[in-house]
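Containing mmCIF, C-alpha atoms: run-v4.cif.
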data_run
#
loop_
_atom_site.label_atom_id
_atom_site.label_comp_id
_atom_site.auth_asym_id
_atom_site.auth_seq_id
_atom_site.Cartn_x
_atom_site.Cartn_y
_atom_site.Cartn_z
CA MET D 237 -14.65 -26.00 11.14
CA ALA D 238 -11.19 -27.46 10.51
CA HIS D 239 -10.60 -24.87 7.80
CA ASP D 240 -11.55 -22.00 10.17
CA LEU D 241 -9.23 -23.37 12.86
CA ALA D 242 -6.33 -23.58 10.40
CA SER D 243 -7.03 -20.06 9.17
CA ASP D 244 -7.10 -18.67 12.71
CA THR D 245 -3.85 -20.47 13.56
CA GLN D 246 -2.12 -19.00 10.52
CA VAL D 247 -3.28 -15.48 11.36
CA ILE D 248 -2.07 -15.79 14.94
CA ARG D 249 1.34 -16.90 13.66
CA ILE D 250 1.51 -13.82 11.46
CA LEU D 251 0.61 -11.63 14.44
CA TYR D 252 2.98 -13.46 16.82
CA PRO D 253 4.98 -10.29 17.68
CA LEU D 254 1.82 -8.73 19.11
CA SER D 255 1.02 -11.90 21.02
CA SER D 256 4.49 -12.05 22.56
CA LEU D 257 4.38 -8.42 23.58
CA TYR D 258 0.96 -8.85 25.12
CA THR D 259 2.22 -11.78 27.23
CA VAL D 260 5.21 -9.82 28.47
CA CYS D 261 3.21 -6.70 29.27
CA SER D 262 0.51 -8.62 31.13
CA GLY D 263 2.90 -10.80 33.11
CA GLY D 264 1.75 -13.93 31.25
CA GLN D 265 -1.80 -13.58 32.58
CA LYS D 266 -5.01 -12.47 30.94
CA LYS D 267 -5.68 -9.43 33.03
CA ALA D 268 -6.16 -5.71 32.53
CA MET D 269 -3.00 -4.32 30.98
CA PRO D 270 -1.32 -1.45 32.85
CA PRO D 271 -0.96 1.85 31.00
CA LYS D 272 2.76 1.32 30.29
CA GLY D 273 2.12 -2.15 28.87
CA ARG D 274 -0.78 -0.84 26.82
CA ARG D 275 1.42 1.85 25.30
CA SER D 276 4.00 -0.78 24.40
CA LEU D 277 1.33 -2.89 22.74
CA TYR D 278 0.05 0.11 20.79
CA VAL D 279 3.58 0.87 19.58
CA ALA D 280 3.90 -2.77 18.42
CA VAL D 281 0.55 -2.59 16.59
CA VAL D 282 1.56 0.59 14.75
CA ALA D 283 4.95 -0.93 13.90
CA VAL D 284 3.47 -4.16 12.51
CA LEU D 285 0.79 -2.38 10.46
CA ALA D 286 3.26 0.19 9.12
CA ALA D 287 5.73 -2.55 8.19
CA LEU D 288 3.06 -4.45 6.24
CA HIS D 289 2.08 -1.17 4.56
CA ILE D 290 5.69 -0.56 3.48
CA VAL D 291 6.12 -4.12 2.20
CA LEU D 292 2.96 -3.86 0.09
CA SER D 293 4.15 -0.48 -1.16
CA TYR D 294 7.02 -2.27 -2.93
CA ALA D 295 4.63 -4.32 -5.05
CA PRO D 296 3.66 -2.87 -8.43
CA PRO D 297 -0.04 -2.10 -8.82
CA LEU D 298 -2.18 -4.77 -10.44
CA VAL D 299 -4.01 -2.05 -12.32
CA GLY D 300 -4.26 1.72 -12.16
CA PHE D 301 -1.82 4.07 -10.48
CA ARG D 302 -2.17 3.37 -6.74
CA ARG D 303 0.25 1.05 -4.98
CA MET D 304 -0.82 -2.26 -3.48
CA SER D 305 -0.47 -0.67 -0.05
CA ILE D 306 -4.00 0.69 -0.44
CA ALA D 307 -5.16 -2.80 0.55
CA MET D 308 -3.78 -2.10 4.06
CA GLU D 309 -5.70 1.15 4.60
CA PRO D 310 -8.99 -0.35 5.82
CA LEU D 311 -7.28 -2.80 8.21
CA GLU D 312 -5.06 -0.07 9.65
CA GLY D 313 -8.11 1.99 10.51
CA ILE D 314 -10.16 -1.00 11.70
CA ILE D 315 -7.45 -2.37 14.00
CA GLY D 316 -5.70 0.82 15.06
CA GLY D 317 -8.71 3.11 15.15
CA PRO D 318 -8.70 6.50 13.43
CA TYR D 319 -5.59 7.96 15.05
CA LEU D 320 -3.22 5.00 15.33
CA GLY D 321 -4.51 3.78 11.96
CA PHE D 322 -3.72 7.17 10.44
CA LEU D 323 -0.27 7.10 12.08
CA SER D 324 0.62 3.62 10.83
CA ALA D 325 -0.58 4.43 7.29
CA ALA D 326 1.37 7.71 7.34
CA ILE D 327 4.53 5.90 8.42
CA GLY D 328 3.89 3.29 5.73
CA TRP D 329 3.35 5.99 3.11
CA ILE D 330 6.56 7.86 3.99
CA GLY D 331 8.61 4.68 4.45
CA GLY D 332 7.40 3.16 1.20
CA ARG D 333 8.17 6.28 -0.82
CA PHE D 334 11.54 6.74 0.89
CA VAL D 335 12.69 3.25 -0.07
CA ARG D 336 11.01 3.17 -3.49
CA PRO D 337 10.02 6.67 -4.58
CA ASP D 338 7.83 7.23 -7.62
CA SER D 339 9.64 8.39 -10.75
CA VAL D 340 7.48 11.52 -10.94
CA TRP D 341 8.20 13.20 -7.60
CA ILE D 342 4.77 14.77 -7.15
CA GLU D 343 3.14 11.33 -7.10
CA ASN D 344 4.85 10.64 -3.77
CA VAL D 345 2.78 13.43 -2.21
CA PHE D 346 -0.48 11.69 -3.10
CA GLY D 347 0.38 8.93 -0.64
CA ILE D 348 -1.16 11.04 2.16
CA ALA D 349 -4.49 9.81 0.79
CA GLU D 350 -3.65 6.34 2.15
CA ALA D 351 -3.47 7.74 5.68
CA ILE D 352 -6.76 9.61 5.28
CA GLY D 353 -8.40 6.42 3.99
CA ALA D 354 -7.28 4.66 7.19
CA LEU D 355 -8.60 7.60 9.22
CA GLY D 356 -12.01 7.23 7.59
CA ALA D 357 -12.12 3.49 8.28
CA GLY D 358 -11.17 4.12 11.90
CA PHE D 359 -13.96 6.63 12.45
CA LEU D 360 -16.42 4.17 10.95
CA VAL D 361 -15.54 1.29 13.28
CA LEU D 362 -15.65 3.69 16.25
CA ARG D 363 -19.21 4.44 15.12
CA LYS D 364 -18.32 8.03 14.36
CA TRP D 365 -19.56 7.59 10.82
CA TYR D 366 -20.60 11.23 10.61
CA LEU D 367 -16.92 12.29 10.68
CA THR D 368 -16.06 10.01 7.76
CA ALA D 369 -19.15 11.25 5.92
CA GLY D 370 -18.23 14.86 6.70
CA ILE D 371 -14.69 14.51 5.31
CA TYR D 372 -16.02 12.73 2.23
CA ALA D 373 -18.82 15.26 1.62
CA PHE D 374 -16.40 18.19 1.91
CA LEU D 375 -14.05 16.68 -0.68
CA VAL D 376 -16.86 15.87 -3.13
CA LEU D 377 -18.51 19.28 -2.84
CA ALA D 378 -15.19 21.12 -3.15
CA PHE D 379 -14.55 19.24 -6.38
CA LEU D 380 -18.05 19.79 -7.79
CA VAL D 381 -17.97 23.55 -7.26
CA HIS D 382 -14.49 23.91 -8.74
CA PRO D 383 -14.44 25.51 -12.23
CA LEU D 384 -12.59 22.54 -13.74
CA ALA D 385 -15.38 20.16 -12.73
CA GLY D 386 -17.29 21.41 -15.76
CA LYS D 387 -14.57 20.03 -18.05
CA ILE D 388 -14.63 16.55 -16.48
CA PRO D 389 -17.42 14.00 -17.09
CA LEU D 390 -19.03 13.65 -13.67
CA TRP D 391 -20.08 10.07 -14.36
CA THR D 392 -16.40 9.07 -14.13
CA LEU D 393 -16.62 9.42 -10.35
CA TRP D 394 -19.40 6.86 -10.10
CA ASP D 395 -17.47 4.59 -7.75
CA THR D 396 -16.55 7.44 -5.41
CA TYR D 397 -20.22 8.37 -5.15
CA LEU D 398 -21.01 4.76 -4.23
CA GLY D 399 -18.19 4.85 -1.70
CA PHE D 400 -19.89 7.75 0.05
CA VAL D 401 -23.23 5.91 0.05
CA ALA D 402 -21.51 2.81 1.49
CA ILE D 403 -20.74 4.72 4.70
CA PHE D 404 -24.35 4.50 5.88
CA PRO D 405 -25.03 0.75 5.56
CA ALA D 406 -21.53 0.17 6.98
CA ALA D 407 -22.43 2.21 10.06
CA PHE D 408 -25.70 0.30 10.42
CA LEU D 409 -24.03 -3.11 10.16
CA LEU D 410 -21.23 -2.18 12.54
CA ARG D 411 -23.82 -1.21 15.13
CA ARG D 412 -25.44 -4.62 14.77
CA THR D 413 -22.13 -6.51 14.93
CA ARG D 414 -20.98 -4.76 18.10
CA ASP D 415 -21.29 -7.95 20.14
CA ALA D 416 -20.38 -10.33 17.30
CA LYS D 417 -16.73 -9.42 16.68
CA SER D 418 -15.73 -13.08 16.79
CA SER D 419 -18.10 -14.14 14.02
CA ASN D 420 -16.87 -14.36 10.43
CA SER D 421 -20.35 -14.31 8.93
CA CYS D 422 -21.39 -11.18 10.82
CA LEU D 423 -18.21 -9.26 10.06
CA VAL D 424 -17.84 -9.95 6.34
CA PRO D 425 -20.48 -7.51 4.98
CA ALA D 426 -19.56 -4.78 7.46
CA ILE D 427 -15.82 -5.02 6.80
CA ALA D 428 -16.40 -5.16 3.03
CA LEU D 429 -18.36 -1.91 3.15
CA VAL D 430 -15.82 -0.23 5.43
CA ALA D 431 -13.03 -1.25 3.06
CA PHE D 432 -14.93 0.09 0.05
CA ALA D 433 -15.66 3.43 1.73
CA SER D 434 -12.03 3.70 2.92
CA VAL D 435 -10.40 3.04 -0.46
CA GLU D 436 -12.85 5.32 -2.27
CA LEU D 437 -12.16 8.07 0.28
CA ASP D 438 -8.49 7.64 -0.64
CA SER D 439 -9.44 8.11 -4.30
CA MET D 440 -11.48 11.22 -3.49
CA VAL D 441 -8.56 12.76 -1.59
CA ARG D 442 -6.35 12.28 -4.64
CA ILE D 443 -8.97 13.88 -6.89
CA PHE D 444 -9.21 16.81 -4.49
CA MET D 445 -5.44 17.27 -4.49
CA LEU D 446 -5.22 16.95 -8.26
CA ILE D 447 -8.04 19.34 -9.19
CA VAL D 448 -8.85 21.60 -6.24
CA GLY D 449 -5.26 21.59 -5.01
CA GLY D 450 -4.05 22.34 -8.53
CA LEU D 451 -1.43 19.58 -8.62
CA TYR D 452 -2.40 18.73 -12.21
CA GLN D 453 -0.30 21.77 -13.12
CA VAL D 454 2.80 20.33 -11.48
CA TYR D 455 2.97 17.21 -13.72
CA PRO D 456 1.92 19.11 -15.91
CA ILE D 457 -1.34 17.71 -17.29
CA PRO D 458 -3.01 19.94 -19.91
CA VAL D 459 -6.58 20.85 -19.02
CA ASP D 460 -7.80 19.31 -22.27
CA LEU D 461 -6.42 15.91 -21.20
CA LEU D 462 -8.00 15.86 -17.74
CA ALA D 463 -11.24 14.38 -19.05
CA GLY D 464 -9.32 11.47 -20.57
CA VAL D 465 -7.48 10.86 -17.29
CA PHE D 466 -10.79 10.64 -15.42
CA VAL D 467 -12.38 8.36 -18.03
CA LEU D 468 -9.47 5.96 -17.63
CA GLY D 469 -9.76 6.20 -13.85
CA ALA D 470 -13.46 5.34 -14.02
CA PHE D 471 -12.47 1.81 -15.04
CA GLN D 472 -9.25 1.45 -13.05
CA THR D 473 -10.20 2.65 -9.57
CA PRO D 474 -13.13 0.20 -9.15
CA VAL D 475 -10.70 -2.67 -9.80
CA GLU D 476 -8.35 -1.26 -7.16
CA ALA D 477 -11.27 -1.05 -4.75
CA ALA D 478 -12.27 -4.64 -5.58
CA TYR D 479 -8.95 -6.22 -4.66
CA SER D 480 -8.72 -4.06 -1.53
CA ILE D 481 -12.14 -5.33 -0.44
CA LEU D 482 -11.08 -8.92 -1.16
CA ALA D 483 -7.94 -8.48 0.94
CA SER D 484 -9.95 -7.06 3.84
CA VAL D 485 -12.48 -9.90 3.68
CA LEU D 486 -10.21 -12.87 2.94
CA VAL D 487 -7.29 -11.85 5.16
CA GLY D 488 -8.63 -9.10 7.39
CA VAL D 489 -11.77 -10.76 8.73
CA PRO D 490 -9.95 -13.96 9.89
CA ALA D 491 -7.26 -11.74 11.45
CA LEU D 492 -9.83 -9.65 13.32
CA VAL D 493 -11.67 -12.75 14.56
CA ALA D 494 -8.39 -14.37 15.63
CA LEU D 495 -7.32 -11.23 17.51
CA GLU D 496 -10.64 -11.05 19.32
CA LYS D 497 -10.59 -14.73 20.28
CA SER D 498 -6.95 -14.72 21.38
CA LYS D 499 -7.49 -11.74 23.70
CA ILE D 500 -4.35 -10.12 22.28
CA LEU D 501 -6.31 -6.91 21.82
CA SER D 502 -9.82 -5.70 21.17
CA TRP D 503 -10.13 -3.66 18.02
CA PRO D 504 -10.31 -0.83 17.32
CA LEU D 505 -7.69 0.49 19.73
CA ARG D 506 -8.92 3.44 21.74
#
Encoding of this model in structure tokens:
Amino acid sequence: MAHDLASDTQVIRILYPLSSLYTVCSGGQKKAMPPKGRRSLYVAVVAVLAALHIVLSYAPPLVGFRRMSIAMEPLEGIIGGPYLGFLSAAIGWIGGRFVRPDSVWIENVFGIAEAIGALGAGFLVLRKWYLTAGIYAFLVLAFLVHPLAGKIPLWTLWDTYLGFVAIFPAAFLLRRTRDAKSSNSCLVPAIALVAFASVELDSMVRIFMLIVGGLYQVYPIPVDLLAGVFVLGAFQTPVEAAYSILASVLVGVPALVALEKSKILSWPLR
């Protein structure tokens, strides 16, 4: 109990700018926020999430090719909802690449996948799982029917297939936790699955851009080497997904519970 209280206190300190803005907008009282105050709070939420996204974008990846900012994608969608989550991730993507661009310029373009990952997480927590599933299914099918798919071992996408499957138990658990948003134990499995689906959707967007979008030619990557790239990715991307899930569970869940208990805002924003 003491540990949970300390954890909640630390999260609230981190989110103090939102708390202060909420107090100002609501006149220091816990009452329904007027539209103008709500807009101000939403702007603050997007600013805080985008700033964290940019900061994490500076950090070198632990493994693989994606920046550490992918760990923010699920939380941006969960807190901001699909649209504000997409916006904050897009600002974070552009801001992070503006300050520290990738050495190969085309890799900066792939950052849009971070925003789409946040979009998918946002649709999930709004219980519009079918939109996340629809985006995911379109990307997978477009890849599978592409002529180059025959030159790539399909088993190398095993984690992205699991990411698609994770959408359905995530939707089921989120429906059950609708009235338990202040419970760590109830949120952990749901948030873990949302995070997994979100980060793997990010990966699928990058695959779509690389193969279907033809960006492999811009690097350029010879067709004969594409199989090797995907084999390497089959071992790297699951590790990236793992630390993103850990971040969402260890940091995100206490933050979500603290936000709900403090009445700063109710996530996701609508």
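Note that the spacing between CA of Met440 in chain D and CA of Arg333 in chain D amounts to 20.4 Å.
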Which residues of range 314-333 of chain D sit at most 9 Å from range 361-365 of chain D, using all atoms listed in the file? Give each one's shortest atom pair and distance in Å (one decimal place), in chain and ascending residue order, as a tab-separated table.
residue	atom	partner	partner_atom	distance
D:Ile314	CA	D:Val361	CA	6.1
D:Ile315	CA	D:Val361	CA	8.9
D:Gly317	CA	D:Leu362	CA	7.1
D:Pro318	CA	D:Leu362	CA	8.0
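The neighbours of range 283-295 of chain D here are the residues that come within 9 Å of it, using all atoms listed in the file and leaving out any residue fewer than 6 positions away in the same chain; they are Leu251, Pro253, Leu254, Arg303, Met304, Ser305, Ile306, Ala307, Met308, Glu309, Leu311, Glu312, Ile315, Gly316, Gly321, Leu323, Ser324, Ala325, Ala326, Ile327, Gly328, Trp329, Ile330, Gly331, Gly332, Arg333, Val335 and Arg336 of chain D.
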Edge lengths and centre in Å, axis-aligned, range 281-294 of chain D plus 3 Å each side, as AutoDock Vina command-line options:
--center_x 3.8 --center_y -1.9 --center_z 6.8 --size_x 12.5 --size_y 11.0 --size_z 25.5
Open item on the list: When you look at Ala470 in chain D with a cut-off of 9 Å (counting only C-alpha atoms), what residues show up, excluding the ones that are within fewer than 5 positions of it in the same chain? I need them as JSON, numbers by chain.
Closed with: {"D": [391, 392, 393, 394, 395, 465]}
Could those residues be written to a file, using C-alpha atoms, as a CSV table (one decimal), keeping the file's coordinate frame?
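Output (selection_21.csv):
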chain,number,residue,atom,x,y,z
D,391,TRP,CA,-20.1,10.1,-14.4
D,392,THR,CA,-16.4,9.1,-14.1
D,393,LEU,CA,-16.6,9.4,-10.4
D,394,TRP,CA,-19.4,6.9,-10.1
D,395,ASP,CA,-17.5,4.6,-7.8
D,465,VAL,CA,-7.5,10.9,-17.3
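Across the structure, CA of Gln453 in chain D and CA of Pro297 in chain D are spaced 24.3 Å apart.
CA of Leu355 in chain D is found 25.0 Å from CA of His382 in chain D.
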- [ ] Anything within 12 Å of (-8.6, -12.8, 2.3): list those residues as number ranges by chain, counting all atoms listed in the file and sticking to the file's coordinates.
- [x] D: 243, 247, 307-308, 311, 420, 424, 427-428, 478-492
Please enumerate the residues selected by the PyMOL selection byres ((chain D and resi 468) around 12) when evaluated against the supplied file, formatted as a PDB file with C-alpha atoms, in the frame of the given file.
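Just written: part_24.pdb:
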ATOM      1  CA  VAL D 299      -4.010  -2.050 -12.320  1.00  0.00           C
ATOM      2  CA  GLY D 300      -4.260   1.720 -12.160  1.00  0.00           C
ATOM      3  CA  PHE D 301      -1.820   4.070 -10.480  1.00  0.00           C
ATOM      4  CA  ILE D 388     -14.630  16.550 -16.480  1.00  0.00           C
ATOM      5  CA  PRO D 389     -17.420  14.000 -17.090  1.00  0.00           C
ATOM      6  CA  TRP D 391     -20.080  10.070 -14.360  1.00  0.00           C
ATOM      7  CA  THR D 392     -16.400   9.070 -14.130  1.00  0.00           C
ATOM      8  CA  LEU D 393     -16.620   9.420 -10.350  1.00  0.00           C
ATOM      9  CA  LEU D 461      -6.420  15.910 -21.200  1.00  0.00           C
ATOM     10  CA  LEU D 462      -8.000  15.860 -17.740  1.00  0.00           C
ATOM     11  CA  ALA D 463     -11.240  14.380 -19.050  1.00  0.00           C
ATOM     12  CA  GLY D 464      -9.320  11.470 -20.570  1.00  0.00           C
ATOM     13  CA  VAL D 465      -7.480  10.860 -17.290  1.00  0.00           C
ATOM     14  CA  PHE D 466     -10.790  10.640 -15.420  1.00  0.00           C
ATOM     15  CA  VAL D 467     -12.380   8.360 -18.030  1.00  0.00           C
ATOM     16  CA  GLY D 469      -9.760   6.200 -13.850  1.00  0.00           C
ATOM     17  CA  ALA D 470     -13.460   5.340 -14.020  1.00  0.00           C
ATOM     18  CA  PHE D 471     -12.470   1.810 -15.040  1.00  0.00           C
ATOM     19  CA  GLN D 472      -9.250   1.450 -13.050  1.00  0.00           C
ATOM     20  CA  THR D 473     -10.200   2.650  -9.570  1.00  0.00           C
ATOM     21  CA  PRO D 474     -13.130   0.200  -9.150  1.00  0.00           C
ATOM     22  CA  VAL D 475     -10.700  -2.670  -9.800  1.00  0.00           C
TER      23      VAL D 475
END
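Of the listed residues (D:Ile352, D:Leu429, D:Ala494, D:Leu451), D:Leu429 comes nearest to Val401 in chain D; the distances count all atoms listed in the file.
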TODO: Find the spatial neighbours of Lys417 in chain D, counting all atoms listed in the file, within a cut-off of 7 Å - ignore same-chain residues fewer than 4 positions away - and output them as a ChimeraX atom specification.
DONE: /D:413,423,493,496
Open item on the list: Suppose a student applies the PyMOL selection byres ((chain D and resi 433) around 10) to this structure; what residues should they get, written as a count of residues only?
Closed with: 33
Task: Output check: residues returned by the PyMOL selection byres ((chain D and resi 378) around 12), as a list in words - done: Ile371, Tyr372, Ala373, Phe374, Leu375, Val376, Leu377, Phe379, Leu380, Val381, His382, Pro383, Leu384, Ala385, Met440, Val441, Ile443, Phe444, Met445, Leu446, Ile447, Val448 and Gly449 of chain D
TODO: Between D:Ile457, D:Gly386, D:Glu343, D:Leu320, single out the one closest to Leu277 in chain D, counting only C-alpha atoms.
DONE: D:Leu320
